[in-house]
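Visitor: As input, take my_file09.txt (compact mmCIF, C-alpha atoms (C1' of nucleotides)):
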```
# COMPACT_ATOMS: atom_id res chain seq x y z
CA MET A 1 -23.55 -25.14 8.98
CA ALA A 2 -21.80 -21.87 8.14
CA TRP A 3 -24.16 -19.02 7.35
CA GLU A 4 -24.24 -17.61 3.85
CA LEU A 5 -22.66 -14.17 4.00
CA GLU A 6 -22.24 -11.68 1.20
CA ALA A 7 -18.81 -10.27 0.56
CA ASP A 8 -19.91 -6.74 -0.30
CA ARG A 9 -20.93 -5.55 3.14
CA PRO A 10 -19.85 -5.92 6.76
CA ILE A 11 -20.31 -9.38 8.23
CA TYR A 12 -21.37 -8.07 11.62
CA ALA A 13 -24.21 -6.13 9.96
CA GLN A 14 -25.38 -9.27 8.21
CA LEU A 15 -25.24 -11.17 11.49
CA VAL A 16 -27.40 -8.50 13.12
CA GLU A 17 -30.01 -8.78 10.38
CA ARG A 18 -29.99 -12.55 10.39
CA ILE A 19 -30.35 -12.94 14.16
CA GLN A 20 -33.00 -10.24 14.17
CA MET A 21 -34.81 -12.21 11.49
CA GLN A 22 -34.54 -15.39 13.55
CA ILE A 23 -36.01 -13.64 16.55
CA VAL A 24 -39.00 -12.00 14.88
CA SER A 25 -39.73 -15.17 12.92
CA GLY A 26 -39.87 -17.18 16.15
CA TYR A 27 -36.83 -19.36 15.55
CA TYR A 28 -35.51 -17.90 18.78
CA PRO A 29 -38.71 -17.51 20.84
CA ALA A 30 -39.38 -14.60 23.20
CA GLY A 31 -37.64 -15.15 26.52
CA GLY A 32 -35.71 -18.10 25.13
CA LYS A 33 -32.00 -18.65 25.61
CA LEU A 34 -29.55 -17.73 22.86
CA PRO A 35 -26.38 -19.61 22.05
CA SER A 36 -23.25 -18.14 23.62
CA VAL A 37 -21.01 -15.81 21.68
CA ARG A 38 -18.44 -18.53 21.05
CA GLU A 39 -21.07 -21.11 20.23
CA LEU A 40 -22.97 -19.06 17.69
CA ALA A 41 -19.71 -17.78 16.23
CA ALA A 42 -18.71 -21.39 15.62
CA ILE A 43 -22.07 -22.17 14.03
CA ALA A 44 -21.92 -19.18 11.73
CA ALA A 45 -18.22 -19.76 11.08
CA VAL A 46 -17.16 -16.24 12.04
CA ASN A 47 -14.81 -14.86 14.64
CA PRO A 48 -16.20 -14.55 18.18
CA ASN A 49 -15.24 -10.89 18.19
CA THR A 50 -17.43 -10.32 15.16
CA MET A 51 -20.36 -12.12 16.74
CA GLN A 52 -19.86 -10.15 19.93
CA LYS A 53 -20.14 -6.96 17.92
CA ALA A 54 -23.39 -8.16 16.39
CA PHE A 55 -24.84 -9.07 19.79
CA ALA A 56 -23.86 -5.70 21.20
CA GLU A 57 -25.85 -4.00 18.47
CA LEU A 58 -28.88 -6.22 18.96
CA GLU A 59 -28.84 -5.31 22.63
CA ARG A 60 -28.98 -1.60 21.90
CA ASN A 61 -32.33 -1.97 20.17
CA GLY A 62 -33.65 -4.10 23.03
CA LEU A 63 -34.26 -7.37 21.22
CA ILE A 64 -31.91 -9.35 23.44
CA VAL A 65 -30.97 -9.18 27.10
CA THR A 66 -27.60 -10.05 28.61
CA GLN A 67 -26.89 -11.79 31.90
CA ARG A 68 -23.26 -11.13 32.61
CA THR A 69 -22.22 -14.73 33.32
CA ASN A 70 -25.22 -16.71 32.18
CA GLY A 71 -25.56 -15.98 28.51
CA ARG A 72 -28.20 -14.06 26.65
CA ASN A 73 -31.94 -14.33 26.21
CA VAL A 74 -34.41 -12.99 23.72
CA THR A 75 -36.48 -10.19 25.24
CA GLU A 76 -39.83 -11.21 26.74
CA ASP A 77 -41.40 -8.11 25.24
CA THR A 78 -43.46 -9.83 22.57
CA GLU A 79 -44.98 -6.50 21.63
CA LEU A 80 -41.56 -5.11 20.78
CA ILE A 81 -40.80 -8.16 18.69
CA GLU A 82 -44.06 -7.84 16.80
CA THR A 83 -43.39 -4.15 16.23
CA VAL A 84 -39.96 -4.89 14.81
CA ARG A 85 -41.50 -7.56 12.60
CA ARG A 86 -44.07 -5.18 11.21
CA ASN A 87 -41.47 -2.47 10.70
CA LEU A 88 -39.22 -4.83 8.78
CA ALA A 89 -42.12 -5.90 6.58
CA GLY A 90 -43.06 -2.28 5.97
CA GLU A 91 -39.52 -1.40 4.97
CA LEU A 92 -39.36 -4.38 2.63
CA LEU A 93 -42.59 -3.29 0.97
CA GLN A 94 -41.55 0.34 0.59
CA THR A 95 -38.11 -0.54 -0.74
CA PHE A 96 -39.63 -2.98 -3.20
CA PHE A 97 -42.14 -0.47 -4.54
CA SER A 98 -39.73 2.44 -4.79
CA LYS A 99 -37.06 0.44 -6.58
CA MET A 100 -39.56 -1.04 -9.00
CA LYS A 101 -40.75 2.47 -9.80
CA GLU A 102 -37.16 3.57 -10.25
CA LEU A 103 -36.87 0.77 -12.78
CA GLY A 104 -39.78 2.31 -14.62
CA TYR A 105 -42.53 -0.13 -13.65
CA THR A 106 -46.03 1.24 -13.24
CA ARG A 107 -48.35 0.22 -10.43
CA GLU A 108 -50.29 -1.99 -12.81
CA GLN A 109 -47.12 -3.75 -13.93
CA ILE A 110 -46.02 -4.22 -10.33
CA ARG A 111 -49.41 -5.73 -9.56
CA GLU A 112 -49.12 -8.10 -12.51
CA LEU A 113 -45.66 -9.24 -11.52
CA THR A 114 -46.52 -9.79 -7.86
CA ASP A 115 -49.70 -11.67 -8.81
CA LYS A 116 -47.72 -13.84 -11.16
CA GLY A 117 -45.07 -14.44 -8.52
CA LEU A 118 -47.64 -15.38 -5.92
CA ALA A 119 -49.36 -17.68 -8.39
CA GLN A 120 -46.08 -19.45 -9.04
CA ALA A 121 -45.71 -19.97 -5.31
CA ASP A 122 -49.17 -21.53 -5.41
CA GLU A 123 -48.02 -24.04 -7.99
CA ASN A 124 -45.09 -25.11 -5.83
CA GLU A 125 -47.04 -25.39 -2.56
CA PRO A 126 -50.70 -25.41 -3.54
CA ALA A 127 -51.91 -26.29 -0.05
CA GLY A 128 -50.36 -23.12 1.34
CA MET B 129 -26.42 17.55 -5.56
CA ALA B 130 -24.47 14.91 -3.65
CA TRP B 131 -25.93 11.44 -3.92
CA GLU B 132 -27.36 9.76 -0.85
CA LEU B 133 -24.98 7.00 0.12
CA GLU B 134 -25.34 4.53 2.95
CA ALA B 135 -22.47 4.17 5.36
CA ASP B 136 -22.71 0.43 5.85
CA ARG B 137 -21.44 -0.74 2.50
CA PRO B 138 -18.83 0.22 -0.09
CA ILE B 139 -19.51 3.50 -1.86
CA TYR B 140 -18.23 2.23 -5.19
CA ALA B 141 -20.78 -0.60 -5.08
CA GLN B 142 -23.55 1.88 -4.44
CA LEU B 143 -22.33 3.99 -7.34
CA VAL B 144 -22.45 0.95 -9.60
CA GLU B 145 -26.02 0.19 -8.62
CA ARG B 146 -27.12 3.79 -8.94
CA ILE B 147 -25.60 4.35 -12.38
CA GLN B 148 -26.93 0.97 -13.50
CA MET B 149 -30.35 2.09 -12.32
CA GLN B 150 -30.03 5.38 -14.21
CA ILE B 151 -29.15 3.52 -17.38
CA VAL B 152 -31.94 0.94 -17.33
CA SER B 153 -34.47 3.55 -16.31
CA GLY B 154 -33.52 5.67 -19.31
CA TYR B 155 -32.04 8.62 -17.43
CA TYR B 156 -28.88 7.88 -19.39
CA PRO B 157 -30.26 6.71 -22.76
CA ALA B 158 -28.73 3.94 -24.87
CA GLY B 159 -25.77 5.26 -26.87
CA GLY B 160 -25.79 8.53 -24.94
CA LYS B 161 -22.74 10.20 -23.50
CA LEU B 162 -21.92 9.83 -19.83
CA PRO B 163 -20.33 12.53 -17.68
CA SER B 164 -16.57 12.19 -17.29
CA VAL B 165 -15.06 10.51 -14.28
CA ARG B 166 -14.14 13.81 -12.67
CA GLU B 167 -17.45 15.40 -13.56
CA LEU B 168 -19.67 12.69 -12.17
CA ALA B 169 -17.42 12.33 -9.15
CA ALA B 170 -17.99 16.00 -8.45
CA ILE B 171 -21.75 15.61 -8.87
CA ALA B 172 -21.93 12.63 -6.56
CA ALA B 173 -19.44 14.24 -4.17
CA VAL B 174 -17.08 11.30 -4.13
CA ASN B 175 -13.42 10.90 -5.02
CA PRO B 176 -12.64 10.48 -8.74
CA ASN B 177 -10.76 7.28 -7.91
CA THR B 178 -13.92 5.84 -6.39
CA MET B 179 -16.01 6.81 -9.41
CA GLN B 180 -13.37 5.33 -11.70
CA LYS B 181 -13.68 2.05 -9.83
CA ALA B 182 -17.44 2.09 -10.30
CA PHE B 183 -17.13 2.78 -14.02
CA ALA B 184 -14.60 0.00 -14.44
CA GLU B 185 -17.10 -2.44 -12.97
CA LEU B 186 -19.96 -1.21 -15.14
CA GLU B 187 -17.75 -1.76 -18.13
CA ARG B 188 -17.14 -5.38 -17.28
CA ASN B 189 -20.84 -6.18 -17.56
CA GLY B 190 -21.09 -4.32 -20.86
CA LEU B 191 -23.47 -1.54 -19.93
CA ILE B 192 -21.02 1.21 -20.78
CA VAL B 193 -18.34 1.63 -23.42
CA THR B 194 -15.11 3.58 -23.05
CA GLN B 195 -13.35 5.73 -25.66
CA ARG B 196 -9.88 6.24 -24.37
CA THR B 197 -9.76 10.01 -24.75
CA ASN B 198 -13.34 10.92 -25.47
CA GLY B 199 -15.26 9.82 -22.45
CA ARG B 200 -17.78 7.06 -22.04
CA ASN B 201 -21.10 6.16 -23.60
CA VAL B 202 -23.97 3.95 -22.62
CA THR B 203 -24.03 0.80 -24.74
CA GLU B 204 -26.24 0.88 -27.82
CA ASP B 205 -27.37 -2.66 -27.09
CA THR B 206 -30.92 -1.87 -25.99
CA GLU B 207 -31.62 -5.57 -25.67
CA LEU B 208 -28.89 -5.92 -23.06
CA ILE B 209 -30.27 -2.95 -21.17
CA GLU B 210 -33.77 -4.40 -21.21
CA THR B 211 -32.43 -7.75 -20.04
CA VAL B 212 -30.63 -6.13 -17.14
CA ARG B 213 -33.78 -4.22 -16.28
CA ARG B 214 -35.88 -7.38 -16.19
CA ASN B 215 -33.25 -9.22 -14.18
CA LEU B 216 -33.11 -6.46 -11.60
CA ALA B 217 -36.90 -6.48 -11.31
CA GLY B 218 -36.90 -10.25 -10.95
CA GLU B 219 -34.32 -10.12 -8.21
CA LEU B 220 -36.28 -7.43 -6.39
CA LEU B 221 -39.41 -9.56 -6.55
CA GLN B 222 -37.69 -12.75 -5.38
CA THR B 223 -35.88 -11.00 -2.55
CA PHE B 224 -39.10 -9.34 -1.44
CA PHE B 225 -41.05 -12.58 -1.37
CA SER B 226 -38.39 -14.67 0.31
CA LYS B 227 -37.75 -12.12 3.04
CA MET B 228 -41.45 -11.66 3.70
CA LYS B 229 -41.77 -15.42 4.05
CA GLU B 230 -38.79 -15.45 6.39
CA LEU B 231 -40.70 -12.92 8.46
CA GLY B 232 -43.53 -15.39 8.66
CA TYR B 233 -45.95 -13.80 6.23
CA THR B 234 -48.16 -16.11 4.18
CA ARG B 235 -48.90 -15.59 0.51
CA GLU B 236 -52.33 -14.26 1.36
CA GLN B 237 -50.88 -11.74 3.79
CA ILE B 238 -48.28 -10.65 1.25
CA ARG B 239 -51.06 -10.18 -1.29
CA GLU B 240 -53.04 -8.09 1.20
CA LEU B 241 -50.08 -5.88 2.03
CA THR B 242 -49.07 -5.30 -1.57
CA ASP B 243 -52.67 -4.55 -2.56
CA LYS B 244 -52.93 -2.07 0.29
CA GLY B 245 -49.61 -0.51 -0.65
CA LEU B 246 -50.63 -0.16 -4.29
CA ALA B 247 -53.97 1.30 -3.25
CA GLN B 248 -52.19 3.92 -1.18
CA ALA B 249 -50.12 4.82 -4.21
CA ASP B 250 -53.42 5.25 -6.06
CA GLU B 251 -54.55 7.78 -3.47
CA ASN B 252 -51.40 9.82 -3.90
CA GLU B 253 -51.35 9.82 -7.67
CA PRO B 254 -54.81 8.64 -8.74
CA ALA B 255 -54.27 9.46 -12.39
CA GLY B 256 -51.32 7.09 -12.58
C1' DA C 257 -13.36 -26.00 46.56
C1' DT C 258 -12.62 -26.68 41.79
C1' DT C 259 -13.72 -26.38 37.03
C1' DA C 260 -16.04 -24.80 33.12
C1' DT C 261 -18.64 -21.36 30.92
C1' DT C 262 -20.03 -16.71 30.27
C1' DG C 263 -19.49 -11.90 28.63
C1' DT C 264 -16.04 -8.72 27.90
C1' DA C 265 -11.76 -6.24 26.95
C1' DC C 266 -7.60 -5.83 24.85
C1' DC C 267 -3.82 -6.06 21.13
C1' DA C 268 -1.66 -7.11 16.69
C1' DT C 269 -2.21 -8.12 11.90
C1' DG C 270 -3.91 -7.90 7.35
C1' DA C 271 -7.34 -6.70 3.95
C1' DA C 272 -10.59 -3.62 1.77
C1' DC C 273 -12.14 0.90 1.16
C1' DA C 274 -12.06 5.98 0.44
C1' DT C 275 -9.65 10.05 -0.04
C1' DG C 276 -6.18 13.32 -1.68
C1' DA C 277 -2.49 14.18 -4.59
C1' DT C 278 0.24 13.71 -8.65
C1' DA C 279 1.32 12.33 -13.13
C1' DC C 280 1.12 10.62 -18.04
C1' DA C 281 -0.46 9.54 -22.89
C1' DA C 282 -3.93 10.23 -26.25
C1' DT C 283 -6.77 13.23 -28.49
C1' DA C 284 -10.55 16.60 -28.87
C1' DA C 285 -11.02 21.52 -28.99
C1' DT C 286 -9.05 25.91 -29.84
C1' DA D 287 0.77 24.40 -32.57
C1' DT D 288 -1.24 24.89 -28.19
C1' DT D 289 -4.47 23.93 -24.65
C1' DA D 290 -7.89 21.41 -22.31
C1' DT D 291 -10.09 17.20 -21.45
C1' DT D 292 -10.16 12.32 -21.18
C1' DG D 293 -9.13 7.78 -19.09
C1' DT D 294 -5.75 5.74 -16.40
C1' DA D 295 -2.01 4.62 -13.11
C1' DT D 296 0.35 5.22 -8.88
C1' DC D 297 1.44 6.49 -4.11
C1' DA D 298 0.59 7.68 0.71
C1' DT D 299 -2.68 8.01 4.46
C1' DG D 300 -6.42 6.99 7.48
C1' DT D 301 -10.53 4.30 8.58
C1' DT D 302 -13.27 0.30 9.06
C1' DC D 303 -13.67 -4.47 9.18
C1' DA D 304 -12.44 -9.31 10.28
C1' DT D 305 -9.49 -12.49 12.27
C1' DG D 306 -6.54 -14.72 15.78
C1' DG D 307 -4.81 -14.61 20.16
C1' DT D 308 -4.77 -13.72 25.10
C1' DA D 309 -6.69 -12.53 29.32
C1' DC D 310 -9.88 -11.43 33.25
C1' DA D 311 -13.95 -11.32 36.50
C1' DA D 312 -18.24 -13.37 37.63
C1' DT D 313 -20.79 -17.26 38.32
C1' DA D 314 -23.00 -21.64 36.98
C1' DA D 315 -21.93 -26.43 37.21
C1' DT D 316 -19.45 -30.09 39.34
```
If you took the structure in this file and wrote it as structure tokens, what would it be?
Guide:
Amino acid sequence: MAWELEADRPIYAQLVERIQMQIVSGYYPAGGKLPSVRELAAIAAVNPNTMQKAFAELERNGLIVTQRTNGRNVTEDTELIETVRRNLAGELLQTFFSKMKELGYTREQIRELTDKGLAQADENEPAG
Amino acid sequence: MAWELEADRPIYAQLVERIQMQIVSGYYPAGGKLPSVRELAAIAAVNPNTMQKAFAELERNGLIVTQRTNGRNVTEDTELIETVRRNLAGELLQTFFSKMKELGYTREQIRELTDKGLAQADENEPAG
DNA sequence: ATTATTGTACCATGAACATGATACAATAAT
DNA sequence: ATTATTGTATCATGTTCATGGTACAATAAT
């Protein structure tokens, strides 16, 4: 199934974020094999060149490792993965707070809204 | 002072978001006059053509009104502004939750992190 | 040995974006 | 009346991005 990609920013950047997300969330486990460039490009419905560019970027931050003629694997450095995961969560939190404050919401209002949002999630999946 | 713009997505889109933010947050009050295309382009340190493109988009959603030879004003429709504000906040909240869940965080963990984040804000500005 | 798969490197093309420059009509300011 | 300001339109140029196509070396699979 083709991945959902937004039109207002570079595809390769979105691929980087998505694959990164799949790695830190465990969809692609540490040390596990990744689909080939052509394969994943076909899955995502993008050009292999674009996927190649995304992979190249993911390699620079160490999340994936390349074996010249035998594909790519997720790094075995679980600590690195966990660090990236925490960093991403921290950025999400900071961005969320700062933008809400830009919108003029006070801390109390932010707390109300998040509580309400989490409560709604409880209604949908009460077992958690 | 030149605005901080990210390199990985269209400038005009960032201008739209920023001006939109300034309107709903009250920096540019309802009915108030906006800087001219050239003026605001100079402030943001972008090309007038780019700023013009941003304004054109803001006009399509009704937030600003154009007087052919007398500049632009923020809409006087405070209800529209408030609606946009709430929608933006709602999107921020949804995006935050869904991405945190993608990262593998449970509702309880999200609650912990947000509480901790809000508490830290309390330390920095305890009076609120 | 042969074949298939892998990452990788090009090149050409077209689209979107950003800038710089110029120009024009309408009208506010003088 | 004259000038300055406004939004707006247009053109050329350069960059980035995405696609499609082709090709090559290394090596895993057969």
Visitor: Would you mind reading off the distance between atom CA of A:Ala54 and atom CA of A:Val16, one decimal, in Å?
Guide: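 Going from atom CA of A:Ala54 over to atom CA of A:Val16, I get 5.2 Å.
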Visitor: Give me the residues of chain D that have any atom at most 12 Å from an atom of chain A; for each, the nearest atom pair and the distance in Å, rounded to one decimal. Use all atoms listed in the file, sort by chain and number, and format it as CSV.
Guide:
```
residue,atom,partner,partner_atom,distance
D:DT302,C1',A:Pro10,CA,9.3
D:DC303,C1',A:Pro10,CA,6.8
D:DA304,C1',A:Thr50,CA,7.1
D:DT305,C1',A:Asn47,CA,6.3
D:DG306,C1',A:Asn47,CA,8.3
D:DG307,C1',A:Asn49,CA,11.2
D:DA311,C1',A:Thr69,CA,9.5
D:DA312,C1',A:Thr69,CA,6.0
D:DT313,C1',A:Thr69,CA,5.8
D:DA314,C1',A:Asn70,CA,7.2
D:DA315,C1',A:Asn70,CA,11.4
```
Visitor: Keeping only C-alpha atoms (C1' of nucleotides), write the selected residues to a file as a compact mmCIF listing (two decimals), in the frame of the given file.
Guide:
```txt
# COMPACT_ATOMS: atom_id res chain seq x y z
C1' DT D 302 -13.27 0.30 9.06
C1' DC D 303 -13.67 -4.47 9.18
C1' DA D 304 -12.44 -9.31 10.28
C1' DT D 305 -9.49 -12.49 12.27
C1' DG D 306 -6.54 -14.72 15.78
C1' DG D 307 -4.81 -14.61 20.16
C1' DA D 311 -13.95 -11.32 36.50
C1' DA D 312 -18.24 -13.37 37.63
C1' DT D 313 -20.79 -17.26 38.32
C1' DA D 314 -23.00 -21.64 36.98
C1' DA D 315 -21.93 -26.43 37.21
```
Visitor: Taking a cut-off of 12 Å and counting only C-alpha atoms (C1' of nucleotides), can you build a table that, for each residue of chain A near chain C, reports the nearest atom pair and how far apart they are in Å (one decimal), sorted by chain then residue number, as CSV?
Guide:
```
residue,atom,partner,partner_atom,distance
A:Ala7,CA,C:DA272,C1',10.6
A:Asp8,CA,C:DA272,C1',10.0
A:Arg9,CA,C:DA272,C1',10.6
A:Pro10,CA,C:DA272,C1',10.8
A:Pro35,CA,C:DT262,C1',10.8
A:Ser36,CA,C:DT262,C1',7.5
A:Val37,CA,C:DG263,C1',8.1
A:Arg38,CA,C:DT262,C1',9.5
A:Glu39,CA,C:DT261,C1',11.0
A:Pro48,CA,C:DG263,C1',11.3
A:Asn49,CA,C:DT264,C1',10.0
A:Met51,CA,C:DG263,C1',11.9
A:Gln52,CA,C:DG263,C1',8.9
A:Lys53,CA,C:DT264,C1',10.9
A:Phe55,CA,C:DG263,C1',10.7
A:Ala56,CA,C:DG263,C1',10.6
A:Val65,CA,C:DG263,C1',11.9
A:Thr66,CA,C:DG263,C1',8.3
A:Gln67,CA,C:DG263,C1',8.1
A:Arg68,CA,C:DG263,C1',5.5
A:Thr69,CA,C:DT262,C1',4.2
A:Asn70,CA,C:DT262,C1',5.5
A:Gly71,CA,C:DT262,C1',5.8
A:Arg72,CA,C:DG263,C1',9.2
```
Visitor: What gap, in Å, lies between atom CA of B:Glu236 and atom CA of A:Thr114?
Guide: 11.8 Å
Visitor: Given a cut-off of 10 Å, which residues of chain A touch chain B, counting only C-alpha atoms, written out as a ChimeraX atom specification?
Guide: /A:8-10,13,20-26,85-86,88-90,92-97,99-108,110-111,113-115,117-119,121-122,128
Visitor: Where does chain B end up after superposition onto chain A over all in-order Cα pairs? Give it as a compact mmCIF listing (two decimals) with C-alpha atoms, in the coordinates of the input.
Guide:
```
# COMPACT_ATOMS: atom_id res chain seq x y z
CA MET B 129 -23.55 -25.14 9.01
CA ALA B 130 -21.79 -21.88 8.16
CA TRP B 131 -24.14 -19.04 7.36
CA GLU B 132 -24.22 -17.60 3.86
CA LEU B 133 -22.63 -14.18 4.03
CA GLU B 134 -22.20 -11.69 1.23
CA ALA B 135 -18.77 -10.28 0.62
CA ASP B 136 -19.83 -6.76 -0.23
CA ARG B 137 -20.87 -5.56 3.19
CA PRO B 138 -19.81 -5.92 6.82
CA ILE B 139 -20.29 -9.40 8.25
CA TYR B 140 -21.35 -8.10 11.65
CA ALA B 141 -24.19 -6.16 10.01
CA GLN B 142 -25.35 -9.29 8.24
CA LEU B 143 -25.22 -11.18 11.52
CA VAL B 144 -27.39 -8.53 13.14
CA GLU B 145 -29.98 -8.78 10.40
CA ARG B 146 -29.96 -12.56 10.41
CA ILE B 147 -30.33 -12.94 14.17
CA GLN B 148 -32.99 -10.22 14.17
CA MET B 149 -34.80 -12.20 11.49
CA GLN B 150 -34.53 -15.40 13.54
CA ILE B 151 -36.00 -13.65 16.55
CA VAL B 152 -38.99 -12.02 14.86
CA SER B 153 -39.72 -15.16 12.90
CA GLY B 154 -39.86 -17.16 16.13
CA TYR B 155 -36.83 -19.36 15.52
CA TYR B 156 -35.51 -17.89 18.76
CA PRO B 157 -38.70 -17.48 20.83
CA ALA B 158 -39.38 -14.58 23.19
CA GLY B 159 -37.63 -15.13 26.53
CA GLY B 160 -35.68 -18.07 25.14
CA LYS B 161 -31.98 -18.63 25.62
CA LEU B 162 -29.55 -17.71 22.87
CA PRO B 163 -26.36 -19.62 22.08
CA SER B 164 -23.24 -18.14 23.65
CA VAL B 165 -20.98 -15.83 21.71
CA ARG B 166 -18.43 -18.55 21.08
CA GLU B 167 -21.07 -21.13 20.27
CA LEU B 168 -22.96 -19.09 17.72
CA ALA B 169 -19.71 -17.81 16.27
CA ALA B 170 -18.71 -21.41 15.68
CA ILE B 171 -22.07 -22.19 14.07
CA ALA B 172 -21.92 -19.21 11.77
CA ALA B 173 -18.21 -19.79 11.14
CA VAL B 174 -17.17 -16.29 12.07
CA ASN B 175 -14.80 -14.90 14.68
CA PRO B 176 -16.20 -14.60 18.23
CA ASN B 177 -15.22 -10.92 18.22
CA THR B 178 -17.41 -10.36 15.18
CA MET B 179 -20.36 -12.17 16.76
CA GLN B 180 -19.85 -10.18 19.96
CA LYS B 181 -20.12 -6.99 17.93
CA ALA B 182 -23.37 -8.18 16.40
CA PHE B 183 -24.83 -9.07 19.80
CA ALA B 184 -23.84 -5.71 21.23
CA GLU B 185 -25.82 -4.01 18.49
CA LEU B 186 -28.87 -6.22 18.97
CA GLU B 187 -28.79 -5.30 22.61
CA ARG B 188 -28.95 -1.60 21.91
CA ASN B 189 -32.31 -1.97 20.18
CA GLY B 190 -33.64 -4.10 23.02
CA LEU B 191 -34.25 -7.37 21.23
CA ILE B 192 -31.89 -9.33 23.44
CA VAL B 193 -30.96 -9.16 27.11
CA THR B 194 -27.59 -10.03 28.61
CA GLN B 195 -26.87 -11.77 31.92
CA ARG B 196 -23.27 -11.11 32.64
CA THR B 197 -22.24 -14.70 33.34
CA ASN B 198 -25.22 -16.69 32.19
CA GLY B 199 -25.54 -15.95 28.53
CA ARG B 200 -28.18 -14.04 26.66
CA ASN B 201 -31.92 -14.31 26.21
CA VAL B 202 -34.39 -12.97 23.72
CA THR B 203 -36.47 -10.18 25.24
CA GLU B 204 -39.80 -11.19 26.74
CA ASP B 205 -41.40 -8.09 25.25
CA THR B 206 -43.45 -9.80 22.55
CA GLU B 207 -44.96 -6.46 21.61
CA LEU B 208 -41.53 -5.09 20.76
CA ILE B 209 -40.78 -8.16 18.68
CA GLU B 210 -44.05 -7.82 16.80
CA THR B 211 -43.37 -4.14 16.21
CA VAL B 212 -39.95 -4.89 14.79
CA ARG B 213 -41.48 -7.57 12.60
CA ARG B 214 -44.06 -5.18 11.18
CA ASN B 215 -41.47 -2.47 10.67
CA LEU B 216 -39.21 -4.83 8.76
CA ALA B 217 -42.11 -5.91 6.56
CA GLY B 218 -43.06 -2.29 5.95
CA GLU B 219 -39.53 -1.41 4.94
CA LEU B 220 -39.37 -4.39 2.60
CA LEU B 221 -42.61 -3.31 0.96
CA GLN B 222 -41.58 0.34 0.58
CA THR B 223 -38.15 -0.54 -0.76
CA PHE B 224 -39.68 -2.98 -3.23
CA PHE B 225 -42.18 -0.47 -4.56
CA SER B 226 -39.80 2.45 -4.80
CA LYS B 227 -37.12 0.46 -6.59
CA MET B 228 -39.62 -1.02 -9.02
CA LYS B 229 -40.83 2.49 -9.79
CA GLU B 230 -37.24 3.61 -10.26
CA LEU B 231 -36.95 0.82 -12.80
CA GLY B 232 -39.87 2.34 -14.63
CA TYR B 233 -42.59 -0.10 -13.67
CA THR B 234 -46.11 1.26 -13.24
CA ARG B 235 -48.43 0.22 -10.44
CA GLU B 236 -50.36 -1.99 -12.82
CA GLN B 237 -47.19 -3.74 -13.95
CA ILE B 238 -46.07 -4.23 -10.35
CA ARG B 239 -49.47 -5.72 -9.57
CA GLU B 240 -49.16 -8.08 -12.55
CA LEU B 241 -45.70 -9.23 -11.55
CA THR B 242 -46.56 -9.80 -7.91
CA ASP B 243 -49.74 -11.67 -8.85
CA LYS B 244 -47.74 -13.85 -11.22
CA GLY B 245 -45.09 -14.43 -8.58
CA LEU B 246 -47.67 -15.38 -5.97
CA ALA B 247 -49.39 -17.67 -8.45
CA GLN B 248 -46.11 -19.45 -9.09
CA ALA B 249 -45.73 -19.96 -5.37
CA ASP B 250 -49.21 -21.51 -5.45
CA GLU B 251 -48.03 -24.03 -8.03
CA ASN B 252 -45.11 -25.07 -5.88
CA GLU B 253 -47.00 -25.38 -2.64
CA PRO B 254 -50.69 -25.38 -3.60
CA ALA B 255 -51.88 -26.32 -0.13
CA GLY B 256 -50.31 -23.21 1.35
```
Visitor: If you measure from atom CA of B:Thr203 to atom CA of B:Gly190, what distance in Å do you get, rounded to one decimal?
Guide: 7.1 Å
Visitor: From the list B:Asn215, B:Tyr156, B:Lys161, B:Ala172, which residue is nearest B:Leu143 when using only C-alpha atoms?
Guide: B:Ala172
Visitor: From the coordinates I just gave you, please extract stretch 73-95 of chain A so that only C-alpha atoms remain, then output it as a PDB file, in the first residue's frame.
Guide:
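Ended up saving to selection_3.pdb:
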```pdb
ATOM      1  CA  ASN A  73      19.982  -3.817   8.379  1.00  0.00           C
ATOM      2  CA  VAL A  74      18.754  -1.812  11.301  1.00  0.00           C
ATOM      3  CA  THR A  75      21.604  -1.018  13.691  1.00  0.00           C
ATOM      4  CA  GLU A  76      22.066  -3.421  16.604  1.00  0.00           C
ATOM      5  CA  ASP A  77      22.726  -0.464  18.882  1.00  0.00           C
ATOM      6  CA  THR A  78      19.497  -0.623  20.860  1.00  0.00           C
ATOM      7  CA  GLU A  79      20.734   2.182  23.062  1.00  0.00           C
ATOM      8  CA  LEU A  80      21.005   4.492  20.072  1.00  0.00           C
ATOM      9  CA  ILE A  81      17.513   3.559  18.989  1.00  0.00           C
ATOM     10  CA  GLU A  82      16.120   4.247  22.438  1.00  0.00           C
ATOM     11  CA  THR A  83      17.935   7.572  22.526  1.00  0.00           C
ATOM     12  CA  VAL A  84      16.466   8.587  19.197  1.00  0.00           C
ATOM     13  CA  ARG A  85      13.043   7.531  20.430  1.00  0.00           C
ATOM     14  CA  ARG A  86      13.306   9.648  23.542  1.00  0.00           C
ATOM     15  CA  ASN A  87      14.634  12.600  21.568  1.00  0.00           C
ATOM     16  CA  LEU A  88      11.746  12.420  19.128  1.00  0.00           C
ATOM     17  CA  ALA A  89       9.263  12.290  21.993  1.00  0.00           C
ATOM     18  CA  GLY A  90      10.956  15.246  23.657  1.00  0.00           C
ATOM     19  CA  GLU A  91      10.802  17.284  20.470  1.00  0.00           C
ATOM     20  CA  LEU A  92       7.135  16.427  20.013  1.00  0.00           C
ATOM     21  CA  LEU A  93       6.391  17.576  23.548  1.00  0.00           C
ATOM     22  CA  GLN A  94       8.332  20.816  23.249  1.00  0.00           C
ATOM     23  CA  THR A  95       6.843  21.677  19.868  1.00  0.00           C
TER      24      THR A  95
END
```
